[in-house]
Amino acid sequence: MKKRLFVMALFSTVQLFGENILDSNQNSVKLLESVITTERYDEIPLIETAKNITIITNEDIEKRGYRSIDEALNMIPGVFCTDGVYSIRGQVPKLADKTVVILVDGIPQNGMDNRKYDLDLIPIEEVSKIEVVPSGGAIMYGGNATAGVINIITKDESNKKYYGKVGAEIGSFKHKKFNVKLGGKITDKLSSDIDYSINKKHGYRDREKTDLDYLQFVTKYKITDGYIKVKYNYNKKSGDDRIAALSKKEYEENRKYNKHPGREAKNEENRFNFAFDKKLSNNLEFSSAIEYKDRSYKYNYPEEESIKKKKKVVIPAYTKRDKDTKSLYVNGQLKYNYGENNNIIVGVDYSKAKVKEKIYSYDSKDKKIYEGSDNHIDFKEIGGYALNRLFINKFLLTQGVRVEKNEFNENDILLAKSGMGFKKPLKKEYAHTKYSPTNTDYELTANYLLEKDKSVFLSYNRVKRSPSLTEYSSWDDKESPKKRAQTSNTIELGTKALFDNIYLSGSLFYIHTDKEIMYDPRYGAMSGKSFYNLNGKTERKGIELSSEQYISSLTFRQEFTYMNNKIKSGPYKGNYIPGVPTYMFGLGATYEMFTNILANIEMRYHGKAYASNDYKNEFSKVGSYTLTNISLRYNMENGLSIYGGIKNLFDKKYCNYVYTSQESKKIEMKYSPAPERTYYVGLEYKF
């Protein structure tokens with residue numbers, strides 16, 4: 001604790017006299033030049049946006065020593081991670097992936113079958129910029145962007161004659177990573193590149209292991225006032241999935257304990273992308289994007305031995321789930337420029353997915369594996385939207401509307417056994433359900449440009465979100481007989497300003513949600529029916545602040561978040577939304593020791609919160625924790641770089657995820673421990 005206080009005191013002291021040693025020529029317009037591209041058109045200066053947007057550039061990633069997208073997102077106000085899923089502004093853990101849209105170059109990546117996307121599948125070396133837009137993006141991307149958008153923009157080096165890189169990294173838990181990229185111009189108009197990466201590591205828990213494979217091929221052809229781009233991407237992630245959480249006793253005795261080897265899962269994806277952008281006239285532009293994805297997800301339970309009635313029983317390895325998803329996303333939009341700096345965007349998008357899923361079980365008495373269900377789901381979505389941007393003197397006003405129709409069509413064949421033995425054939429029970437909601441979203445914003453580097457903004461949006469495929473197929477009909485869309489209203493007041501070499505941004509937000517879709521596995525632990533509409537309203541209030549100071553060769557960063565998130569009516573009236581901390585803050589500093597040597601330190605505090613599904617607030621809050629990471633990088637003039645770092649410097653013991661579980665009519669806390677201190681070192685060569 002004393003070490004952390006020393007670090008905080010050091011940062012505060014430097015800030016007190018920092019204004020006296022400001023270098024007015026260094027980084028004075030850095031953040032004013034940062035832009036967002038969620039519209040896929042001309043980049044917009046950050047100062048002109050009416051959201052509390054955070055942008056992390058490739059330069060930031062390198063200087064701060066981030067080795068994954070997850071790490072890059074850890075110092076953003078209002079953002080926190082629970083069990084690999086990022087929540088923005090207090091969304092319920094385990095549901096955040098249903099309310100945050102992950103974009104790669106403006107194309108949604110969330111799986112239509114479960115609305116989840118694994119950020120580990122994108123190598124950090126390929127990232128040009130990351131944009132986090134809280135409470136924004138629903139006009140273009142629908143109700144799945146209720147909490148916001150994370151847009152990951154990959155590098156485009158098509159203007160270079162030739163380029164490439166090769167890198168290798170090793171670290172704790174037998175971590176090994178290798179990546180290589182080659183590309184260049186084939187003709188003046190045609191360019192192409194190929195990128196390959198492998199990432200292997202053993203996990204923190206006993207017998208935990210993960211392997212990642214990434215392959216991407218991109219071809220870009222420039223046309224007059226536009227381009228055509230074709231991209232193929234292959235991802236595979238295999239290893240232990242959902243390793244069992246620990247009881248309090250197990251956690252205290254051995255945090256690495258893993259009784260079972262965990263289910264062996266493999267996620268394999270093939271993605272085909274096509275993009276076409278063209279300026280049709282001086283005032284009219286067209287942009288389109290198409291993605292087809294084939295995803296295969298399987299997990300197997302390995303052979304397991306157990307002792308029953310003093311006899312050893314062997315449960316054979318069997319497939320628990322086999323899911324295949326084929327999906328298509330199409331987006332086309334026109335942008336018309338009128339007047340000075342004014343424009344209107346009109347677009348339409350279409351999504352469809354076919355999901356085939358088989359679930360298997362093992363009967364210990366019959367000692368046989370049987371198919372428990374065969375589930376087919378069709379999903380379709382069509383949306384139309386318009387977004388107008390209007391300058392009036394120093395005011396920048398935007399108005400947006402979206403109408404979206406979703407259609408779910410499920411055929412479920414339950415292959416129930418007709419007897420305890422298999423002498424009789426399986427009994428088939430058919431279930432068919434259909435759900436077709438239509439939702440309308442609105443957005444209004446006003447941004448007042450006080451000066452070229454100072455602004456104040458006010459925004460309002462109303463977003464409706466219907467259950468996703470996962471929620472729809474695992475809906476608790478007893479708790480919520482009717483599936484309803486939740487409705488969220490968000491008001492945000494904020495500012496962005498640059499004072500010499502000090503950048504400040506902040507916002508106040510208020511979010512009111514009715515019929516919020518909740519997740520609680522205790523409701524339907526035996527049937528798997530864990531999603532339902534809360535019979536009541538929720539309320540989220542918060543403050544987000546961030547600042548950067550550029551002091552000669554030093555850059556200091558601070559971020560602070562306060563959230564007061566409560567359930568205002570219904571069965572849990574007056575309780576806090578579980579899993580969401582009240583306070584979070586972070587401190588960081590980057591020091592360019594010499595021309596090519598960069599040192600970085602970051603500290604993030606995560607406050608106390610109720611367990612992730614403790615809606616009754618019946619257990620004590622999970623304790624707070626503070627993590628500190630350091631890194632060092634040396635960039636040589638010949639293109640070779642050497643880097644390394646330590647994560648969780650002070651060896652803090654904390655959990656990725658804490659939840660409540662009901663077993664044998666007893667509710668208890670379960671703990672998913674996070675890694676302690678880890679190390680890494682790597683080499684990279686660019687040309």
# chains A, B, ... in the order shown; residues from 1 in each chain; ligands from 1

call {"tool": "residues_around", "arguments": {"residues": "Ser553 (chain A)", "least_positions_apart": "2", "cutoff": "8 Å", "atoms": "only C-alpha atoms", "output": "mmCIF file with C-alpha atoms, in the first residue's frame"}}
result
data_model
loop_
_atom_site.group_PDB
_atom_site.id
_atom_site.type_symbol
_atom_site.label_atom_id
_atom_site.label_comp_id
_atom_site.auth_asym_id
_atom_site.auth_seq_id
_atom_site.Cartn_x
_atom_site.Cartn_y
_atom_site.Cartn_z
ATOM 1 C CA TYR A 550 2.903 17.122 -21.766
ATOM 2 C CA ILE A 551 5.968 18.240 -19.843
ATOM 3 C CA THR A 555 3.535 12.722 -20.488
ATOM 4 C CA TYR A 591 9.036 9.176 -20.081
ATOM 5 C CA GLU A 592 11.253 9.396 -23.144
ATOM 6 C CA MET A 593 14.522 8.842 -21.288
#

call {"tool": "select_by_dssp", "arguments": {"residues": "region 94-223 of chain A", "states": "strand (DSSP E or B)", "output": "compact mmCIF listing (two decimals) with C-alpha atoms, in the first residue's frame"}}
result
# COMPACT_ATOMS: atom_id res chain seq x y z
CA VAL A 100 -21.35 -2.83 -26.65
CA VAL A 101 -20.65 -3.18 -30.38
CA ILE A 102 -17.08 -4.12 -31.33
CA LEU A 103 -16.16 -2.73 -34.74
CA VAL A 104 -13.14 -3.54 -36.89
CA ILE A 107 -17.84 -3.39 -39.44
CA PRO A 108 -19.59 -5.01 -36.43
CA VAL A 127 -4.03 -1.83 -34.64
CA SER A 128 -3.72 1.70 -35.97
CA LYS A 129 -6.19 3.27 -33.56
CA ILE A 130 -8.90 2.39 -31.02
CA GLU A 131 -11.92 4.65 -30.53
CA VAL A 132 -14.24 4.21 -27.54
CA VAL A 133 -17.60 5.98 -27.94
CA PRO A 134 -19.70 5.64 -24.74
CA GLY A 148 -21.55 2.38 -26.87
CA VAL A 149 -19.05 1.35 -29.53
CA ILE A 150 -15.41 0.23 -29.53
CA ASN A 151 -14.02 0.83 -33.02
CA ILE A 152 -10.71 -0.90 -33.79
CA ILE A 153 -9.05 0.52 -36.88
CA THR A 154 -6.34 -1.60 -38.46
CA TYR A 162 6.89 -2.19 -49.68
CA TYR A 163 6.76 -2.84 -45.94
CA GLY A 164 6.89 -5.60 -43.39
CA LYS A 165 7.66 -6.65 -39.86
CA VAL A 166 8.58 -9.69 -37.85
CA GLY A 167 8.33 -10.07 -34.09
CA ALA A 168 8.64 -12.57 -31.27
CA GLU A 169 7.66 -12.43 -27.60
CA ILE A 170 7.99 -14.69 -24.55
CA GLY A 171 6.66 -14.35 -21.03
CA HIS A 175 3.85 -17.54 -23.22
CA LYS A 176 5.18 -17.57 -26.80
CA LYS A 177 4.12 -15.26 -29.61
CA PHE A 178 5.33 -14.87 -33.18
CA ASN A 179 4.05 -12.58 -35.93
CA VAL A 180 5.11 -11.66 -39.45
CA LYS A 181 3.70 -9.28 -42.07
CA LEU A 182 4.69 -8.57 -45.68
CA GLY A 183 3.12 -6.15 -48.13
CA GLY A 184 3.59 -3.56 -50.81
CA LYS A 185 2.41 -2.06 -54.07
CA LEU A 190 -3.09 -2.16 -56.53
CA SER A 191 -1.56 -3.13 -53.18
CA SER A 192 -1.68 -6.24 -51.04
CA ASP A 193 -0.39 -7.63 -47.76
CA ILE A 194 -0.48 -10.81 -45.70
CA ASP A 195 -0.24 -11.05 -41.92
CA TYR A 196 0.22 -14.15 -39.75
CA SER A 197 0.41 -14.49 -35.97
CA ILE A 198 0.46 -17.32 -33.42
CA ASN A 199 0.10 -16.89 -29.68
CA LYS A 200 0.44 -19.76 -27.20
CA LYS A 201 0.42 -19.73 -23.43
CA HIS A 202 -0.38 -21.77 -20.35
CA LYS A 209 -3.85 -23.50 -21.81
CA THR A 210 -4.77 -21.29 -24.79
CA ASP A 211 -3.61 -21.28 -28.43
CA LEU A 212 -4.39 -18.48 -30.90
CA ASP A 213 -3.88 -18.49 -34.67
CA TYR A 214 -4.47 -15.45 -36.90
CA LEU A 215 -4.16 -15.08 -40.66
CA GLN A 216 -5.21 -12.10 -42.75
CA PHE A 217 -4.91 -11.27 -46.44
CA VAL A 218 -5.85 -7.79 -47.73
CA THR A 219 -5.99 -6.41 -51.27
CA LYS A 220 -6.84 -2.79 -52.03
CA TYR A 221 -7.46 -1.26 -55.45
CA LYS A 222 -7.62 2.52 -55.81
CA ILE A 223 -10.13 4.00 -58.22

call {"tool": "residues_around", "arguments": {"residues": "Ser631 (chain A)", "least_positions_apart": "5", "cutoff": "7 Å", "atoms": "only C-alpha atoms", "output": "JSON, numbers by chain"}}
result
{"A": [65, 599, 600, 601, 644, 645, 646]}

call {"tool": "closest_residue", "arguments": {"among": "A:Val580, A:Leu396, A:Leu469, A:Met75", "to": "Ile61 (chain A)", "atoms": "only C-alpha atoms"}}
result
A:Met75

call {"tool": "closest_residue", "arguments": {"among": "A:Asn300, A:Asn254, A:Asn461, A:Asn159", "to": "Gly142 (chain A)", "atoms": "only C-alpha atoms"}}
result
A:Asn461

call {"tool": "residues_around", "arguments": {"residues": "region 357-359 of chain A", "least_positions_apart": "2", "cutoff": "7 Å", "atoms": "only C-alpha atoms", "output": "short mmCIF file (atom, residue, chain, number, x, y, z; two decimals) with N, CA and C atoms, in the first residue's frame"}}
result
data_model
loop_
_atom_site.label_atom_id
_atom_site.label_comp_id
_atom_site.auth_asym_id
_atom_site.auth_seq_id
_atom_site.Cartn_x
_atom_site.Cartn_y
_atom_site.Cartn_z
N LYS A 320 -20.12 -31.82 -25.63
CA LYS A 320 -21.25 -31.18 -24.96
C LYS A 320 -22.02 -30.27 -25.90
N ARG A 321 -21.32 -29.58 -26.78
CA ARG A 321 -21.99 -28.64 -27.68
C ARG A 321 -21.26 -28.55 -29.00
N ASP A 322 -22.02 -28.48 -30.07
CA ASP A 322 -21.48 -28.36 -31.42
C ASP A 322 -22.33 -27.30 -32.12
N LYS A 323 -21.76 -26.10 -32.31
CA LYS A 323 -22.52 -24.98 -32.88
C LYS A 323 -21.86 -24.49 -34.16
N ASP A 324 -22.68 -24.33 -35.20
CA ASP A 324 -22.20 -23.81 -36.47
C ASP A 324 -23.06 -22.61 -36.86
N VAL A 355 -28.11 -20.56 -37.34
CA VAL A 355 -27.38 -21.23 -36.26
C VAL A 355 -27.90 -22.66 -36.12
N SER A 361 -25.26 -35.10 -23.89
CA SER A 361 -25.12 -35.35 -22.45
C SER A 361 -24.68 -36.80 -22.23
N GLU A 371 -27.71 -37.54 -27.55
CA GLU A 371 -27.96 -36.19 -28.05
C GLU A 371 -29.19 -35.64 -27.34
N GLY A 372 -28.98 -34.53 -26.62
CA GLY A 372 -30.07 -33.99 -25.83
C GLY A 372 -30.99 -33.08 -26.61
N SER A 373 -30.46 -32.31 -27.57
CA SER A 373 -31.31 -31.42 -28.35
C SER A 373 -30.63 -31.05 -29.66
N ASP A 374 -31.46 -30.72 -30.63
CA ASP A 374 -30.99 -30.27 -31.93
C ASP A 374 -31.72 -28.96 -32.22
N ASN A 375 -30.99 -27.86 -32.18
CA ASN A 375 -31.61 -26.54 -32.20
C ASN A 375 -31.22 -25.79 -33.47
N HIS A 376 -32.22 -25.25 -34.18
CA HIS A 376 -31.99 -24.45 -35.37
C HIS A 376 -32.63 -23.07 -35.16
#

call {"tool": "residues_around", "arguments": {"residues": "Asn535 (chain A)", "least_positions_apart": "3", "cutoff": "10 Å", "atoms": "only C-alpha atoms", "output": "list in words"}}
result
Glu479, Ser480, Asp514, Lys515, Glu516, Ile517, Tyr532, Thr538, Ser569, Gly570, Pro571, Tyr572 and Lys573 of chain A

call {"tool": "decode", "arguments": {"residues": "region 628-639 of chain A", "atoms": "N, CA and C atoms", "output": "compact mmCIF listing (two decimals), in the first residue's frame"}}
result
# COMPACT_ATOMS: atom_id res chain seq x y z
N THR A 628 -0.62 -2.24 -10.93
CA THR A 628 0.43 -1.38 -11.46
C THR A 628 1.24 -2.15 -12.50
N ASN A 629 1.39 -1.57 -13.69
CA ASN A 629 2.17 -2.18 -14.76
C ASN A 629 3.30 -1.24 -15.17
N ILE A 630 4.45 -1.79 -15.51
CA ILE A 630 5.56 -0.99 -16.01
C ILE A 630 6.10 -1.63 -17.29
N SER A 631 6.68 -0.79 -18.17
CA SER A 631 7.25 -1.31 -19.41
C SER A 631 8.42 -0.42 -19.85
N LEU A 632 9.28 -0.99 -20.69
CA LEU A 632 10.45 -0.29 -21.22
C LEU A 632 10.62 -0.72 -22.68
N ARG A 633 10.93 0.24 -23.56
CA ARG A 633 11.09 -0.05 -24.98
C ARG A 633 12.28 0.72 -25.55
N TYR A 634 13.07 0.05 -26.37
CA TYR A 634 14.22 0.68 -27.03
C TYR A 634 14.06 0.49 -28.53
N ASN A 635 13.88 1.60 -29.24
CA ASN A 635 13.74 1.58 -30.70
C ASN A 635 15.07 1.98 -31.34
N MET A 636 15.68 1.05 -32.05
CA MET A 636 16.95 1.33 -32.72
C MET A 636 16.69 1.97 -34.08
N GLU A 637 17.68 2.64 -34.60
CA GLU A 637 17.52 3.35 -35.86
C GLU A 637 17.43 2.41 -37.05
N ASN A 638 17.86 1.18 -36.90
CA ASN A 638 17.83 0.23 -38.02
C ASN A 638 16.48 -0.51 -38.13
N GLY A 639 15.48 -0.11 -37.32
CA GLY A 639 14.16 -0.73 -37.39
C GLY A 639 13.92 -1.81 -36.35
